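Heads up: the structure comes next, in structure tokens.
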Amino acid sequence: MSEPLIELTGITKVLKGQSEPRTILDGVDLTVREGESVAVVGRSGSGKSTLLSVVGLFDRPDAGRYLLAGQDISRLRERRAAKLRSSHFGFVFQRFFLLKHLTAAQNVAMALVNGQGWPRRERRRRVLAALDQVGIAHLAKNRPAKMSGGEQQRVAIARALVRNPRVLLADEPTGALDTETGTLVIDALLGATENGCGLILVTHDRDHAARMGRILDLADGVLTERVPA
Ligand SMILES: Nc1ncnc2c1ncn2[C@@H]1O[C@H](COP(=O)(O)OP(=O)(O)OP(=O)(O)O)[C@@H](O)[C@H]1O
């Protein structure tokens with residue numbers, strides 16, 4: 001069996017605002033292996049984005065154990081978390097967050113700016129390979145305004161893939177797209193798993209969830225695996 005990339009055990013997250021503390025994640029267990037795709041579904045406000053934030057090291061759990069590629073990272077300083085975030089994770093959101101004045105290739109190259117130290121030619125090769133992987137290498141020189149929503153989201157996926165992440169975290173990546181375009185975006189995300197990348201997809205779309213290897217339901221802070229029909 002392939003190696004576990006993410007192993008969460010008993011992850012708990014409590015929101016302490018002005019009112020009563022609220023438990024958003026209540027002892028969540030989750031394992032995602034290399035090349036595995038997992039859908040997380042649940043009603044609005046059930047904590048799906050919070051779970052992705054914890055997995056992607058934007059947020060810390062209040063309790064529980066987190067192993068990343070076998071390494072215990074339950075307690076981390078922010079500097080180390082930031083390093084692991086950029087070396088291990090790719091993020092895709094509902095909004096594409098592309099820079100309007102840059103071409104598709106330049107937007108993807110932005111993800112390589114921070115200290116990778118590769119020669120220009122190598123950066124170019126990687127950017128084009130990432131665009132090719134999501135089927136839009138021919139749009140490398142186009143600016144976002146000239147692209148459809150689905151094409152723009154695929155640029156965002158290429159930007160997430162260009163650093164060869166171990167895990168892709170996608171939060172409602174098809175939320176702003178029609179069904180047909182959304183399908184192409186899911187194709188692109190699933191394509192990444194063929195190279196061993198793990199994928200966690202938060203979605204409200206049943207058809208997209210059904211294409212993942214497993215479906216997990218988040219309700220009242222508890223994550224349960226849906227048994228295939
Ligand atoms: N920083 C915060 N401060 C206060 N409440 C928050 C904060 N972040 C999240 N919440 C609350 O925690 C709960 C879980 O939010 P989260 O965004 O994780 O849910 P979700 O399942 O992703 O929802 P949606 O499907 O609508 O995106 C919600 O009730 C939300 O209002």
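Identifiers in this document derive from the order of the structure tokens: chains are assigned A, B, ..., residues are numbered from 1 separately in each chain, and ligands are numbered from 1 in order of occurrence.
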Within 10 Å of range 204-207 of chain A, which residues of range 25-130 of chain A come that close, and what is the closest atom pair and distance in Å for each? Count only C-alpha atoms and give it as JSON lines.
```
{"residue": "A:Ala39", "atom": "CA", "partner": "A:Arg206", "partner_atom": "CA", "distance": 9.6}
{"residue": "A:Val40", "atom": "CA", "partner": "A:His204", "partner_atom": "CA", "distance": 8.8}
{"residue": "A:Val41", "atom": "CA", "partner": "A:His204", "partner_atom": "CA", "distance": 6.2}
{"residue": "A:Gly42", "atom": "CA", "partner": "A:His204", "partner_atom": "CA", "distance": 7.4}
{"residue": "A:Arg43", "atom": "CA", "partner": "A:His204", "partner_atom": "CA", "distance": 8.0}
{"residue": "A:Ser44", "atom": "CA", "partner": "A:His204", "partner_atom": "CA", "distance": 8.7}
```
_What residues of the protein or nucleic acid chains come within 10 Å of ligand 1 when you use only C-alpha atoms and all ligand atoms? Reply as a ChimeraX atom specification._
/A:13-19,21-25,40-54,59,94,171-172,202-204,218-221
Dump of N, CA and C atoms for the selected residues, as a CSV table (one decimal), in the first residue's frame:
```csv
chain,number,residue,atom,x,y,z
A,13,LYS,N,-10.6,21.3,17.3
A,13,LYS,CA,-10.4,22.7,17.1
A,13,LYS,C,-11.6,23.4,17.8
A,14,VAL,N,-11.3,24.3,18.7
A,14,VAL,CA,-12.3,25.0,19.4
A,14,VAL,C,-12.2,26.5,19.0
A,15,LEU,N,-13.3,27.1,18.6
A,15,LEU,CA,-13.3,28.5,18.4
A,15,LEU,C,-13.6,29.3,19.6
A,16,LYS,N,-12.7,30.2,20.0
A,16,LYS,CA,-13.0,31.0,21.2
A,16,LYS,C,-13.2,32.4,20.8
A,17,GLY,N,-14.4,32.8,20.5
A,17,GLY,CA,-14.7,34.1,20.2
A,17,GLY,C,-15.2,34.9,21.4
A,18,GLN,N,-16.1,35.9,21.1
A,18,GLN,CA,-16.7,36.7,22.2
A,18,GLN,C,-17.7,35.8,22.9
A,19,SER,N,-18.4,34.9,22.2
A,19,SER,CA,-19.4,34.2,22.9
A,19,SER,C,-18.8,32.8,23.5
A,21,PRO,N,-17.2,29.2,23.8
A,21,PRO,CA,-16.4,28.4,22.8
A,21,PRO,C,-17.2,27.4,22.1
A,22,ARG,N,-16.8,27.2,20.8
A,22,ARG,CA,-17.5,26.3,19.9
A,22,ARG,C,-16.5,25.3,19.4
A,23,THR,N,-16.8,24.0,19.5
A,23,THR,CA,-16.0,22.9,19.0
A,23,THR,C,-16.3,22.7,17.5
A,24,ILE,N,-15.3,23.1,16.7
A,24,ILE,CA,-15.6,22.9,15.2
A,24,ILE,C,-15.1,21.6,14.7
A,25,LEU,N,-14.0,21.1,15.2
A,25,LEU,CA,-13.5,19.8,14.9
A,25,LEU,C,-13.4,19.0,16.2
A,40,VAL,N,-14.3,15.9,1.0
A,40,VAL,CA,-14.9,16.3,2.3
A,40,VAL,C,-16.2,17.0,2.0
A,41,VAL,N,-17.3,16.5,2.5
A,41,VAL,CA,-18.6,17.1,2.3
A,41,VAL,C,-19.3,17.4,3.6
A,42,GLY,N,-20.3,18.3,3.6
A,42,GLY,CA,-20.9,18.6,4.9
A,42,GLY,C,-21.6,20.0,4.7
A,43,ARG,N,-22.6,20.2,5.5
A,43,ARG,CA,-23.4,21.5,5.3
A,43,ARG,C,-22.5,22.7,5.5
A,44,SER,N,-23.0,23.8,5.0
A,44,SER,CA,-22.3,25.1,5.2
A,44,SER,C,-22.1,25.4,6.7
A,45,GLY,N,-20.8,25.7,7.0
A,45,GLY,CA,-20.5,26.1,8.4
A,45,GLY,C,-20.1,24.9,9.2
A,46,SER,N,-20.0,23.7,8.6
A,46,SER,CA,-19.7,22.5,9.4
A,46,SER,C,-18.2,22.4,9.7
A,47,GLY,N,-17.4,23.2,9.1
A,47,GLY,CA,-16.0,23.2,9.5
A,47,GLY,C,-15.0,22.6,8.4
A,48,LYS,N,-15.5,22.5,7.2
A,48,LYS,CA,-14.7,21.9,6.1
A,48,LYS,C,-13.5,22.7,5.9
A,49,SER,N,-13.7,24.1,5.7
A,49,SER,CA,-12.5,24.9,5.5
A,49,SER,C,-11.6,25.0,6.7
A,50,THR,N,-12.1,24.9,7.9
A,50,THR,CA,-11.3,24.9,9.0
A,50,THR,C,-10.4,23.6,9.0
A,51,LEU,N,-11.0,22.5,8.6
A,51,LEU,CA,-10.2,21.3,8.5
A,51,LEU,C,-9.0,21.4,7.5
A,52,LEU,N,-9.4,22.0,6.3
A,52,LEU,CA,-8.3,22.2,5.3
A,52,LEU,C,-7.2,23.2,5.9
A,53,SER,N,-7.6,24.2,6.6
A,53,SER,CA,-6.7,25.1,7.2
A,53,SER,C,-5.7,24.4,8.2
A,54,VAL,N,-6.3,23.5,8.9
A,54,VAL,CA,-5.4,22.7,9.9
A,54,VAL,C,-4.5,21.8,9.1
A,59,ASP,N,-3.6,26.9,10.3
A,59,ASP,CA,-4.3,27.0,11.6
A,59,ASP,C,-3.8,25.8,12.4
A,94,GLN,N,-11.9,28.7,-4.3
A,94,GLN,CA,-13.0,29.0,-5.2
A,94,GLN,C,-12.6,30.1,-6.1
A,171,ASP,N,-10.4,23.9,-2.0
A,171,ASP,CA,-11.6,24.3,-1.2
A,171,ASP,C,-12.6,24.9,-2.2
A,172,GLU,N,-13.6,24.1,-2.5
A,172,GLU,CA,-14.7,24.5,-3.4
A,172,GLU,C,-14.2,25.1,-4.8
A,202,VAL,N,-12.8,19.8,-0.9
A,202,VAL,CA,-14.0,20.2,-0.2
A,202,VAL,C,-15.0,20.6,-1.3
A,203,THR,N,-16.2,20.0,-1.3
A,203,THR,CA,-17.1,20.4,-2.3
A,203,THR,C,-18.6,20.2,-1.8
A,204,HIS,N,-19.5,21.0,-2.5
A,204,HIS,CA,-20.9,20.8,-2.2
A,204,HIS,C,-21.5,20.0,-3.4
A,218,LEU,N,-18.5,15.6,7.1
A,218,LEU,CA,-18.2,16.4,8.4
A,218,LEU,C,-19.5,16.9,8.9
A,219,ALA,N,-19.9,16.5,10.1
A,219,ALA,CA,-21.1,17.0,10.8
A,219,ALA,C,-20.9,17.0,12.3
A,220,ASP,N,-21.2,18.2,12.9
A,220,ASP,CA,-21.1,18.4,14.3
A,220,ASP,C,-19.6,18.1,14.7
A,221,GLY,N,-18.7,18.4,13.9
A,221,GLY,CA,-17.3,18.3,14.2
A,221,GLY,C,-16.7,16.9,14.1
```
_For Leu216 in chain A, the nearest of the candidates A:Glu122, A:Arg143, A:Ala160, A:Val38, counting only C-alpha atoms_ = A:Val38
*Contacts of range 192-199 of chain A at 6 Å or less, counting only C-alpha atoms, minus same-chain residues fewer than 5 places along, as a VMD selection string?*
chain A and resid 34 to 37 166 to 168
Can you spit out the residues from that selection as a PDB file, in the first residue's frame, using C-alpha atoms?
```pdb
ATOM      1  CA  GLU A  34       0.044   9.015  -1.836  1.00  0.00           C
ATOM      2  CA  GLY A  35      -2.093   9.212  -4.955  1.00  0.00           C
ATOM      3  CA  GLU A  36      -5.325   9.106  -2.954  1.00  0.00           C
ATOM      4  CA  SER A  37      -8.249  11.457  -3.512  1.00  0.00           C
ATOM      5  CA  ARG A 166       2.833  16.175  -1.913  1.00  0.00           C
ATOM      6  CA  VAL A 167      -0.788  17.142  -1.218  1.00  0.00           C
ATOM      7  CA  LEU A 168      -3.289  19.353  -3.034  1.00  0.00           C
TER       8      LEU A 168
END
```
*Fewer than 2 positions away in the same chain doesn't count, so skip those; otherwise give me all residues within 8 Å of Gly70 in chain A, counting only C-alpha atoms, as a list in words.*
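Residues meeting the cut-off are Pro4, Leu5, Ile6, Glu7, Leu67, Leu68 and Asp72 of chain A.
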*In Å, with one decimal, what is the gap from CA of Gln106 in chain A to CA of Val185 in chain A?*
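For CA of Gln106 in chain A relative to CA of Val185 in chain A, the distance reads 20.1 Å.
Closest approach to Ile11 in chain A among A:Arg65, A:Lys141, A:Arg75, A:His101 is made by A:Arg65 (distances from only C-alpha atoms).
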*Might you pull out every residue within 10 Å of Ala188 in chain A, with only C-alpha atoms counted and same-chain residues fewer than 3 positions away left off, and present them as number ranges by chain?*
A: 133-135, 153-154, 157-158, 182-185, 191-193
_Filtered DSSP result for range 9-228 of chain A, state strand (DSSP E), as an MDAnalysis selection string_ = chainID A and resid 9:15 22:33 37:41 63:68 71:72 89:92 167:171 198:202 214:219 222:225
_I need the helix (DSSP H, G or I) residues of range 107-161 of chain A per DSSP on the backbone, written as a VMD selection string._
chain A and resid 107 to 112 120 to 133 137 to 139 144 to 146 149 to 161
_Computed interatomic separation between CA of Glu151 in chain A and CA of Ala104 in chain A (Å)_ =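 CA of Ala104 in chain A lies 9.5 Å from CA of Glu151 in chain A.
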*Write out as a count of residues only the residues lying within 12 Å of Gln152 in chain A, counting only C-alpha atoms and excluding same-chain residues fewer than 5 positions away.*
37
*Tell me, in Å to one decimal, how far CA of Tyr66 in chain A is from CA of Thr12 in chain A.*
11.0 Å
_Selected residue, from A:Leu169, A:Leu84, A:Leu8, A:Val155, that lies nearest to Leu30 in chain A when counting only C-alpha atoms_ = A:Leu8
